[in-house]
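Novice: Below is the file final14.json, which contains JSON, C-alpha atoms.
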[["chain", "number", "residue", "atom", "x", "y", "z"],
["A", 14, "MET", "CA", 83.93, 189.28, -114.58],
["A", 15, "LYS", "CA", 85.15, 192.84, -115.02],
["A", 16, "LEU", "CA", 82.54, 195.57, -114.62],
["A", 17, "HIS", "CA", 82.79, 199.34, -114.49],
["A", 18, "LEU", "CA", 80.63, 201.37, -112.12],
["A", 19, "GLU", "CA", 79.24, 204.75, -113.12],
["A", 20, "SER", "CA", 77.38, 205.25, -109.85],
["A", 21, "ILE", "CA", 76.43, 203.45, -106.66],
["A", 22, "SER", "CA", 73.85, 204.17, -103.96],
["A", 23, "SER", "CA", 72.98, 202.34, -100.76],
["A", 24, "TRP", "CA", 70.59, 202.59, -97.81],
["A", 25, "SER", "CA", 70.34, 200.51, -94.65],
["A", 26, "THR", "CA", 68.82, 200.77, -91.19],
["A", 27, "SER", "CA", 72.34, 200.51, -89.78],
["A", 28, "GLY", "CA", 73.31, 203.53, -91.86],
["A", 29, "ALA", "CA", 70.21, 205.36, -90.68],
["A", 30, "GLU", "CA", 71.16, 204.55, -87.09],
["A", 31, "LYS", "CA", 74.59, 206.11, -87.54],
["A", 32, "THR", "CA", 73.01, 209.23, -89.00],
["A", 33, "ASN", "CA", 70.05, 209.72, -86.70],
["A", 34, "ASN", "CA", 71.36, 208.39, -83.42],
["A", 35, "THR", "CA", 73.60, 210.72, -81.40],
["A", 36, "ASP", "CA", 73.90, 208.84, -78.11],
["A", 37, "GLY", "CA", 75.68, 205.80, -79.57],
["A", 38, "MET", "CA", 72.82, 203.44, -78.71],
["A", 39, "GLN", "CA", 71.80, 200.93, -81.36],
["A", 40, "LYS", "CA", 68.21, 201.81, -82.17],
["A", 41, "LYS", "CA", 66.43, 200.87, -85.34],
["A", 42, "SER", "CA", 65.39, 203.86, -87.45],
["A", 43, "SER", "CA", 61.72, 204.00, -88.43],
["A", 44, "VAL", "CA", 62.36, 206.79, -90.94],
["A", 45, "TRP", "CA", 62.06, 205.46, -94.47],
["A", 46, "PRO", "CA", 63.43, 207.42, -97.45],
["A", 47, "LYS", "CA", 61.33, 210.16, -98.98],
["A", 48, "LEU", "CA", 60.55, 209.67, -102.65],
["A", 49, "GLU", "CA", 59.83, 213.08, -104.11],
["A", 50, "PHE", "CA", 59.87, 211.73, -107.67],
["A", 51, "VAL", "CA", 56.94, 209.38, -106.95],
["A", 52, "PRO", "CA", 53.41, 210.87, -107.12],
["A", 53, "ALA", "CA", 51.89, 211.24, -103.65],
["A", 54, "MET", "CA", 49.03, 208.82, -104.27],
["A", 55, "GLN", "CA", 51.41, 206.04, -105.33],
["A", 56, "ARG", "CA", 53.93, 206.92, -102.63],
["A", 57, "ARG", "CA", 51.38, 206.29, -99.86],
["A", 58, "ARG", "CA", 50.83, 202.75, -101.13],
["A", 59, "LEU", "CA", 54.48, 201.75, -101.18],
["A", 60, "SER", "CA", 55.84, 199.30, -98.63],
["A", 61, "PRO", "CA", 59.17, 200.00, -96.88],
["A", 62, "PHE", "CA", 60.69, 197.32, -99.13],
["A", 63, "ALA", "CA", 59.63, 199.22, -102.24],
["A", 64, "LYS", "CA", 60.66, 202.59, -100.81],
["A", 65, "ILE", "CA", 64.28, 201.68, -100.13],
["A", 66, "ALA", "CA", 64.59, 199.93, -103.51],
["A", 67, "LEU", "CA", 63.20, 202.91, -105.44],
["A", 68, "TYR", "CA", 65.28, 205.33, -103.38],
["A", 69, "THR", "CA", 68.61, 203.70, -104.22],
["A", 70, "ALA", "CA", 67.63, 203.06, -107.85],
["A", 71, "GLU", "CA", 66.73, 206.71, -108.40],
["A", 72, "ASN", "CA", 69.87, 207.93, -106.64],
["A", 73, "ALA", "CA", 72.11, 205.66, -108.71],
["A", 74, "LEU", "CA", 70.43, 206.69, -111.96],
["A", 75, "SER", "CA", 70.49, 210.39, -111.06],
["A", 76, "ALA", "CA", 74.18, 210.26, -110.12],
["A", 77, "ALA", "CA", 75.03, 208.54, -113.40],
["A", 78, "SER", "CA", 73.03, 211.19, -115.25],
["A", 79, "ILE", "CA", 74.96, 214.03, -113.56],
["A", 80, "LEU", "CA", 78.29, 212.43, -114.44],
["A", 81, "ALA", "CA", 77.14, 211.89, -118.03],
["A", 82, "GLU", "CA", 76.07, 215.53, -118.29],
["A", 83, "THR", "CA", 79.45, 216.65, -116.96],
["A", 84, "SER", "CA", 81.24, 214.49, -119.51],
["A", 85, "ALA", "CA", 79.04, 215.83, -122.31],
["A", 86, "SER", "CA", 79.70, 219.44, -121.29],
["A", 87, "GLU", "CA", 83.40, 218.76, -121.75],
["A", 88, "ALA", "CA", 82.68, 217.68, -125.33],
["A", 89, "PRO", "CA", 80.75, 220.60, -126.93],
["A", 90, "GLU", "CA", 80.56, 218.81, -130.25],
["A", 91, "LEU", "CA", 77.99, 216.46, -128.66],
["A", 92, "GLU", "CA", 74.91, 218.66, -128.78],
["A", 93, "ILE", "CA", 72.36, 217.08, -126.48],
["A", 94, "SER", "CA", 70.06, 218.73, -123.97],
["A", 95, "GLU", "CA", 69.88, 217.86, -120.27],
["A", 96, "LEU", "CA", 66.32, 216.57, -120.73],
["A", 97, "GLU", "CA", 67.29, 214.38, -123.69],
["A", 98, "MET", "CA", 70.22, 212.92, -121.76],
["A", 99, "SER", "CA", 68.03, 212.20, -118.74],
["A", 100, "GLU", "CA", 65.44, 210.48, -120.92],
["A", 101, "GLN", "CA", 68.13, 208.42, -122.66],
["A", 102, "LEU", "CA", 69.60, 207.25, -119.36],
["A", 103, "ALA", "CA", 66.13, 206.31, -118.07],
["A", 104, "GLN", "CA", 65.91, 203.80, -120.94],
["A", 105, "ILE", "CA", 68.14, 201.25, -119.23],
["A", 106, "ASP", "CA", 67.97, 197.50, -118.70],
["A", 107, "ILE", "CA", 67.40, 196.53, -115.06],
["A", 108, "VAL", "CA", 68.54, 193.51, -113.05],
["A", 109, "PHE", "CA", 66.64, 193.32, -109.76],
["A", 110, "SER", "CA", 67.67, 190.89, -107.04],
["A", 111, "SER", "CA", 66.30, 190.01, -103.63],
["A", 112, "ARG", "CA", 66.65, 186.93, -101.48],
["A", 113, "HIS", "CA", 63.19, 187.04, -99.92],
["A", 114, "GLY", "CA", 61.34, 189.71, -101.88],
["A", 115, "ASP", "CA", 58.72, 191.72, -99.99],
["A", 116, "LEU", "CA", 58.27, 188.93, -97.44],
["A", 117, "HIS", "CA", 56.46, 191.16, -94.95],
["A", 118, "LYS", "CA", 53.69, 191.68, -97.48],
["A", 119, "THR", "CA", 53.75, 188.05, -98.63],
["A", 120, "SER", "CA", 53.57, 186.68, -95.07],
["A", 121, "ALA", "CA", 50.55, 188.91, -94.36],
["A", 122, "LEU", "CA", 48.83, 187.52, -97.47],
["A", 123, "LEU", "CA", 49.64, 183.93, -96.43],
["A", 124, "THR", "CA", 48.29, 184.60, -92.95],
["A", 125, "ASP", "CA", 45.02, 185.83, -94.45],
["A", 126, "LEU", "CA", 44.83, 182.75, -96.69],
["A", 127, "ALA", "CA", 45.45, 180.44, -93.73],
["A", 128, "ALA", "CA", 42.61, 182.17, -91.91],
["A", 129, "GLU", "CA", 40.43, 181.67, -95.03],
["A", 130, "GLN", "CA", 40.05, 185.40, -95.49],
["A", 131, "ASP", "CA", 39.91, 187.24, -98.79],
["A", 132, "ILE", "CA", 43.19, 188.80, -99.89],
["A", 133, "SER", "CA", 43.65, 192.17, -101.50],
["A", 134, "PRO", "CA", 44.26, 191.98, -105.27],
["A", 135, "THR", "CA", 46.39, 195.14, -105.01],
["A", 136, "ALA", "CA", 48.48, 193.68, -102.19],
["A", 137, "PHE", "CA", 48.99, 190.50, -104.20],
["A", 138, "SER", "CA", 49.99, 192.33, -107.39],
["A", 139, "THR", "CA", 52.59, 194.39, -105.52],
["A", 140, "SER", "CA", 54.01, 191.40, -103.65],
["A", 141, "VAL", "CA", 55.32, 189.48, -106.67],
["A", 142, "HIS", "CA", 59.09, 189.40, -107.10],
["A", 143, "ASN", "CA", 59.31, 191.76, -110.08],
["A", 144, "ALA", "CA", 56.72, 194.26, -108.83],
["A", 145, "VAL", "CA", 59.20, 196.91, -107.65],
["A", 146, "PRO", "CA", 61.37, 197.13, -110.80],
["A", 147, "GLY", "CA", 58.16, 197.02, -112.84],
["A", 148, "LEU", "CA", 56.80, 199.98, -110.89],
["A", 149, "TYR", "CA", 60.07, 201.86, -111.32],
["A", 150, "SER", "CA", 60.02, 201.29, -115.07],
["A", 151, "ILE", "CA", 56.49, 202.72, -115.22],
["A", 152, "LEU", "CA", 57.51, 205.79, -113.20],
["A", 153, "LYS", "CA", 60.52, 206.37, -115.49],
["A", 154, "HIS", "CA", 58.72, 205.39, -118.72],
["A", 155, "ASN", "CA", 61.42, 202.79, -119.20],
["A", 156, "LYS", "CA", 60.58, 200.19, -121.85],
["A", 157, "GLN", "CA", 63.78, 198.14, -121.57],
["A", 158, "ALA", "CA", 64.15, 194.55, -120.30],
["A", 159, "ILE", "CA", 63.95, 193.65, -116.60],
["A", 160, "ASN", "CA", 65.21, 190.48, -114.91],
["A", 161, "ALA", "CA", 64.22, 189.58, -111.34],
["A", 162, "ILE", "CA", 66.54, 187.19, -109.47],
["A", 163, "SER", "CA", 66.35, 185.22, -106.24],
["A", 164, "ALA", "CA", 69.21, 182.84, -105.39],
["A", 165, "GLY", "CA", 69.39, 182.54, -101.61],
["A", 166, "LYS", "CA", 72.46, 184.13, -100.02],
["A", 167, "ASP", "CA", 73.97, 184.47, -103.51],
["A", 168, "SER", "CA", 71.17, 186.71, -104.81],
["A", 169, "PHE", "CA", 73.23, 189.91, -104.76],
["A", 170, "PHE", "CA", 76.23, 188.43, -106.56],
["A", 171, "TYR", "CA", 74.09, 186.58, -109.10],
["A", 172, "ALA", "CA", 72.80, 190.00, -110.14],
["A", 173, "PHE", "CA", 76.37, 190.74, -111.25],
["A", 174, "VAL", "CA", 76.47, 187.45, -113.18],
["A", 175, "ASP", "CA", 73.22, 188.26, -114.98],
["A", 176, "ALA", "CA", 74.34, 191.83, -115.66],
["A", 177, "TYR", "CA", 77.68, 190.66, -117.06],
["A", 178, "ALA", "CA", 75.97, 188.11, -119.33],
["A", 179, "ARG", "CA", 73.53, 190.74, -120.60],
["A", 180, "LEU", "CA", 76.29, 193.25, -121.30],
["A", 181, "LYS", "CA", 78.59, 190.63, -122.84],
["A", 182, "SER", "CA", 75.84, 189.50, -125.22],
["A", 183, "GLY", "CA", 75.58, 193.00, -126.59],
["A", 184, "ARG", "CA", 71.90, 193.31, -125.66],
["A", 185, "ALA", "CA", 72.76, 196.41, -123.61],
["A", 186, "ASN", "CA", 75.77, 198.66, -123.09],
["A", 187, "LYS", "CA", 74.69, 199.97, -119.69],
["A", 188, "LEU", "CA", 72.62, 198.39, -116.93],
["A", 189, "LEU", "CA", 71.02, 199.26, -113.58],
["A", 190, "ILE", "CA", 71.45, 196.69, -110.78],
["A", 191, "VAL", "CA", 69.09, 196.97, -107.80],
["A", 192, "HIS", "CA", 69.27, 194.69, -104.76],
["A", 193, "VAL", "CA", 66.99, 194.94, -101.73],
["A", 194, "ASP", "CA", 66.10, 192.85, -98.69],
["A", 195, "ARG", "CA", 64.46, 193.46, -95.35],
["A", 196, "GLU", "CA", 64.78, 191.79, -91.99],
["A", 197, "LEU", "CA", 62.62, 188.69, -91.75],
["A", 198, "PRO", "CA", 59.09, 189.10, -90.35],
["A", 199, "GLU", "CA", 58.72, 187.87, -86.78],
["A", 200, "LEU", "CA", 56.90, 184.79, -88.06],
["A", 201, "TYR", "CA", 60.08, 183.65, -89.87],
["A", 202, "ALA", "CA", 62.72, 185.03, -87.49],
["A", 203, "GLN", "CA", 63.59, 181.53, -86.24],
["A", 204, "PHE", "CA", 64.97, 180.67, -89.71],
["A", 205, "GLN", "CA", 67.49, 183.51, -89.93],
["A", 206, "ASP", "CA", 70.97, 182.46, -91.06],
["A", 207, "GLU", "CA", 72.50, 185.93, -91.46],
["A", 208, "GLN", "CA", 72.24, 189.28, -89.71],
["A", 209, "GLN", "CA", 68.87, 190.94, -90.22],
["A", 210, "VAL", "CA", 69.27, 194.45, -91.61],
["A", 211, "ASP", "CA", 66.91, 196.34, -93.92],
["A", 212, "HIS", "CA", 69.08, 197.37, -96.86],
["A", 213, "ALA", "CA", 69.20, 198.26, -100.55],
["A", 214, "VAL", "CA", 72.03, 198.80, -103.02],
["A", 215, "ALA", "CA", 71.82, 200.08, -106.59],
["A", 216, "MET", "CA", 74.46, 200.81, -109.21],
["A", 217, "VAL", "CA", 74.85, 201.60, -112.90],
["A", 218, "VAL", "CA", 77.40, 199.30, -114.57],
["A", 219, "THR", "CA", 79.02, 198.99, -117.98],
["A", 220, "LEU", "CA", 81.30, 196.44, -119.65],
["A", 221, "THR", "CA", 83.85, 199.01, -120.83],
["A", 222, "PRO", "CA", 85.11, 202.17, -119.09],
["A", 223, "THR", "CA", 83.36, 205.46, -119.87],
["A", 224, "PRO", "CA", 84.19, 209.08, -118.95],
["A", 225, "ALA", "CA", 81.64, 208.68, -116.14],
["A", 226, "THR", "CA", 83.29, 205.57, -114.62],
["A", 227, "ILE", "CA", 84.00, 205.93, -110.89],
["A", 228, "ALA", "CA", 85.37, 202.45, -110.14],
["A", 229, "ASN", "CA", 86.37, 199.21, -111.85],
["A", 230, "ILE", "CA", 85.76, 195.86, -110.18],
["A", 231, "ASP", "CA", 86.67, 192.26, -110.93],
["A", 232, "ILE", "CA", 84.29, 189.60, -109.56],
["A", 233, "ASN", "CA", 85.02, 185.86, -109.51],
["A", 234, "PHE", "CA", 83.42, 182.85, -107.88],
["A", 235, "SER", "CA", 84.02, 179.15, -107.32],
["A", 236, "ALA", "CA", 82.04, 176.26, -105.89],
["A", 237, "PHE", "CA", 82.01, 175.80, -102.13],
["A", 238, "SER", "CA", 81.62, 172.24, -100.84],
["A", 239, "GLY", "CA", 80.57, 173.28, -97.36],
["A", 240, "SER", "CA", 82.82, 170.72, -95.64],
["A", 241, "GLU", "CA", 84.78, 173.43, -93.83],
["A", 242, "LYS", "CA", 81.60, 175.15, -92.77],
["A", 243, "GLY", "CA", 80.19, 171.92, -91.39],
["A", 244, "ALA", "CA", 83.34, 171.33, -89.36],
["A", 245, "ASP", "CA", 83.34, 174.86, -88.00],
["A", 246, "ASN", "CA", 79.69, 174.72, -86.98],
["A", 247, "GLY", "CA", 79.91, 171.19, -85.62],
["A", 248, "ASP", "CA", 77.11, 170.15, -87.98],
["A", 249, "LYS", "CA", 74.55, 171.45, -85.52],
["A", 250, "GLN", "CA", 71.13, 170.65, -86.82],
["A", 251, "GLY", "CA", 67.97, 172.06, -85.34],
["A", 252, "VAL", "CA", 69.97, 174.53, -83.23],
["A", 253, "GLN", "CA", 69.60, 178.22, -84.02],
["A", 254, "GLN", "CA", 72.96, 179.89, -84.57],
["A", 255, "ASP", "CA", 73.88, 182.74, -82.23],
["A", 256, "THR", "CA", 72.83, 186.01, -83.90],
["A", 257, "ALA", "CA", 76.16, 187.60, -82.99],
["A", 258, "GLU", "CA", 77.95, 184.95, -85.05],
["A", 259, "LEU", "CA", 75.89, 185.47, -88.20],
["A", 260, "ASN", "CA", 77.46, 187.22, -91.18],
["A", 261, "LEU", "CA", 76.18, 190.37, -92.82],
["A", 262, "PRO", "CA", 74.15, 189.89, -96.02],
["A", 263, "ALA", "CA", 76.28, 189.87, -99.18],
["A", 264, "ALA", "CA", 75.16, 193.32, -100.38],
["A", 265, "LEU", "CA", 76.17, 194.96, -97.10],
["A", 266, "CYS", "CA", 79.52, 193.14, -97.14],
["A", 267, "PHE", "CA", 80.07, 194.53, -100.63],
["A", 268, "ILE", "CA", 79.10, 198.13, -99.85],
["A", 269, "ASN", "CA", 81.23, 198.16, -96.68],
["A", 270, "TRP", "CA", 84.21, 196.82, -98.66],
["A", 271, "PHE", "CA", 83.63, 199.26, -101.51],
["A", 272, "ASP", "CA", 83.33, 202.31, -99.25],
["A", 273, "THR", "CA", 86.36, 201.31, -97.20],
["A", 274, "ASN", "CA", 88.62, 200.75, -100.19],
["A", 275, "LEU", "CA", 87.64, 204.02, -101.84],
["A", 276, "GLY", "CA", 88.19, 205.95, -98.63],
["A", 277, "LEU", "CA", 84.55, 206.76, -97.89],
["A", 278, "THR", "CA", 84.73, 205.17, -94.42],
["A", 279, "PRO", "CA", 87.56, 204.83, -91.89],
["A", 280, "LYS", "CA", 89.87, 201.96, -92.89],
["A", 281, "ILE", "CA", 89.63, 199.92, -89.71],
["A", 282, "VAL", "CA", 90.83, 196.75, -91.45],
["A", 283, "PRO", "CA", 92.31, 197.78, -94.81],
["A", 284, "THR", "CA", 91.89, 195.13, -97.51],
["A", 285, "SER", "CA", 91.94, 195.16, -101.27],
["A", 286, "THR", "CA", 89.94, 191.96, -101.76],
["A", 287, "LEU", "CA", 86.45, 191.08, -100.59],
["A", 288, "GLN", "CA", 85.72, 187.41, -100.00],
["A", 289, "TYR", "CA", 82.16, 186.30, -99.30],
["A", 290, "THR", "CA", 81.27, 182.66, -98.70],
["A", 291, "SER", "CA", 77.72, 181.37, -99.04],
["A", 292, "ASP", "CA", 76.36, 177.84, -98.81],
["A", 293, "ARG", "CA", 77.27, 177.21, -102.47],
["A", 294, "HIS", "CA", 79.94, 179.66, -103.63],
["A", 295, "ILE", "CA", 83.03, 181.60, -102.67],
["A", 296, "TRP", "CA", 82.87, 185.08, -104.20],
["A", 297, "THR", "CA", 85.82, 187.46, -104.48],
["A", 298, "CYS", "CA", 85.87, 191.12, -105.53],
["A", 299, "ASP", "CA", 88.88, 193.25, -106.39],
["A", 300, "LEU", "CA", 89.24, 196.87, -107.37],
["A", 301, "ILE", "CA", 91.09, 197.16, -110.67],
["A", 302, "SER", "CA", 93.84, 199.76, -111.02],
["A", 303, "GLY", "CA", 92.68, 202.94, -112.63],
["A", 304, "SER", "CA", 89.64, 203.32, -110.37],
["A", 305, "MET", "CA", 88.69, 206.91, -109.69],
["A", 306, "ASP", "CA", 87.82, 208.38, -106.30],
["A", 307, "VAL", "CA", 84.09, 208.82, -105.74]]
Any chance you could put this one into C-alpha cells?

Specialist:
Amino acid sequence: MKLHLESISSWSTSGAEKTNNTDGMQKKSSVWPKLEFVPAMQRRRLSPFAKIALYTAENALSAASILAETSASEAPELEISELEMSEQLAQIDIVFSSRHGDLHKTSALLTDLAAEQDISPTAFSTSVHNAVPGLYSILKHNKQAINAISAGKDSFFYAFVDAYARLKSGRANKLLIVHVDRELPELYAQFQDEQQVDHAVAMVVTLTPTPATIANIDINFSAFSGSEKGADNGDKQGVQQDTAELNLPAALCFINWFDTNLGLTPKIVPTSTLQYTSDRHIWTCDLISGSMDV
C-alpha cells in the first residue's frame, strides 16, 4: 500500500516529558494540549483522550492547509482565497482509530452501572467510539464520511488499510487519519500487554503525490502465526509480562521510525524499514525514494 503524506502531527506524554522535564527524571506530564480553536464551553467538557486527538487532528489539517496555500501561491492562475482553501480542506474524509477508545470515561460509566447508579447521558454520548471524530467534524463543519476502527494492537495500521481502500475506490482523493490511545485505567492495568503511554498521531494522506507531499511510504503486512512469540515467551499463561519487556504501541513505533528516518530525531539506530509484530500480523513500512524533508 503506497500512500503519500501531506502532513503529520503527534503528541505523547513521553514527548511532553522530554519538553517539560529538565532534570532528566521520568515524570508524567499533566499538561494537556490547549485547543484554542474549540469554544471554551466545549473545551471544558473534553476528556484528555479527546483533547490529544483534536490537537493532532487540527495540527495535521492546518499544516496541510499551509502547504496547499504555498503551492497555490506558486501557481497564480489558480485564483482561490485563503478562506476558500481552508474550507475546502476541512471537507475531508476521516478515518479514526483507537484500540481502547476513551476507556477512562467508559470504565467510570461501568463502575456507576455496577453500583446501580444513574449514568450521565452526556458522559455516555461522548464515550462512544466515534464521538471524537464526530465532534471534530461538527467543529470544522465537515460533512464528509467518518470511519471509526478498533482492531486490538493492529488498530493504528488498520487505519492505513481503511484509508487506502477509501482512496483506491475513488470515494476520496485526500483523507485525514487520526489515532489516539491512553494508558489503561488502574482498574485494567493488570491486562496491559504493551507500554502504557498517552499518545495521538494524525496525518493527511493521498494516493498520488501532490505539490504538498512531504513523504511517501509503502506499507505491507502478512499473517503472523504466533508460534515464535509463544516460544520466546515460554507460553506463560496467567503471568503478567514484565513492563520493561513490553513493546511500544504501534503508533509510537511508527512516529519514532518516521522522525528518525527523516532526520527529526538523532539516528541512534538508523534503519530504513519499520517492522511491527502484533498477535496477528507482521507490518512493515518503508520510505519511498523521492520523499521530501519535513

Novice: Could you list, as an NGL selection string, every residue within 12 Å of segment 135-146 of chain A, counting all atoms listed in the file and ignoring same-chain residues fewer than 3 positions away?

Specialist: :A and (55 or 58-71 or 105-123 or 125-126 or 131-132 or 149-163 or 189-194 or 215)

Novice: Which value, in Å to one decimal, gives the distance between atom CA of Cys266 of chain A and atom CA of Leu220 of chain A?

Specialist: 22.8 Å

Novice: Counting only C-alpha atoms, which residue out of A:Leu200, A:Val44, A:Ala236, A:Met54 sits closest to Thr124 of chain A?

Specialist: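 Using only C-alpha atoms, Thr124 of chain A sits closest to A:Leu200.
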
Novice: Any idea what the distance is between atom CA of Thr290 of chain A and atom CA of Lys166 of chain A?

Specialist: 9.0 Å

Novice: Put the listed atoms of segment 191-209 of chain A in a box along x, y and z with 3 Å added on every side and give me the centre and edge lengths in Å to one decimal, as lines of an AutoDock Vina configuration file.

Specialist:
center_x = 64.7
center_y = 188.8
center_z = -97.0
size_x = 21.6
size_y = 22.3
size_z = 27.6

Novice: Would you please work out which residue, of A:Asp292, A:Asp299, A:Asp175, A:Asp167, is nearest to Val218 of chain A when using only C-alpha atoms?

Specialist: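 Smallest separation from Val218 of chain A among the options: A:Asp175.
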
Novice: From the list A:Leu18, A:Ala178, A:Ile295, A:Leu197, which residue is nearest Ser235 of chain A when using all atoms listed in the file?

Specialist: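 Answer, going by the shortest atom-to-atom distance: A:Ile295.
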
Novice: Provide the atom CA of Lys187 of chain A to atom CA of Gln104 of chain A distance in Å, to one decimal place.

Specialist: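 For atom CA of Lys187 of chain A relative to atom CA of Gln104 of chain A, the distance reads 9.7 Å.
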
Novice: Using all atoms listed in the file, which of the listed residues (A:Leu300, A:Ile268, A:Val214, A:Ala172) sits closest to Asn229 of chain A?

Specialist: A:Leu300

Novice: Quick one: of A:Asn260, A:Ile230, A:Ser238, A:Glu49, who's nearest to Leu275 of chain A, counting only C-alpha atoms?

Specialist: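 Looking only at the distances to Leu275 of chain A, the closest residue turns out to be A:Ile230.
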
Novice: Between A:Ala76, A:Gln130, A:Gly183, A:Arg56, which residue has the minimum interatomic distance to Ile227 of chain A, considering only C-alpha atoms?

Specialist: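 Closest residue, counting only C-alpha atoms: A:Ala76.
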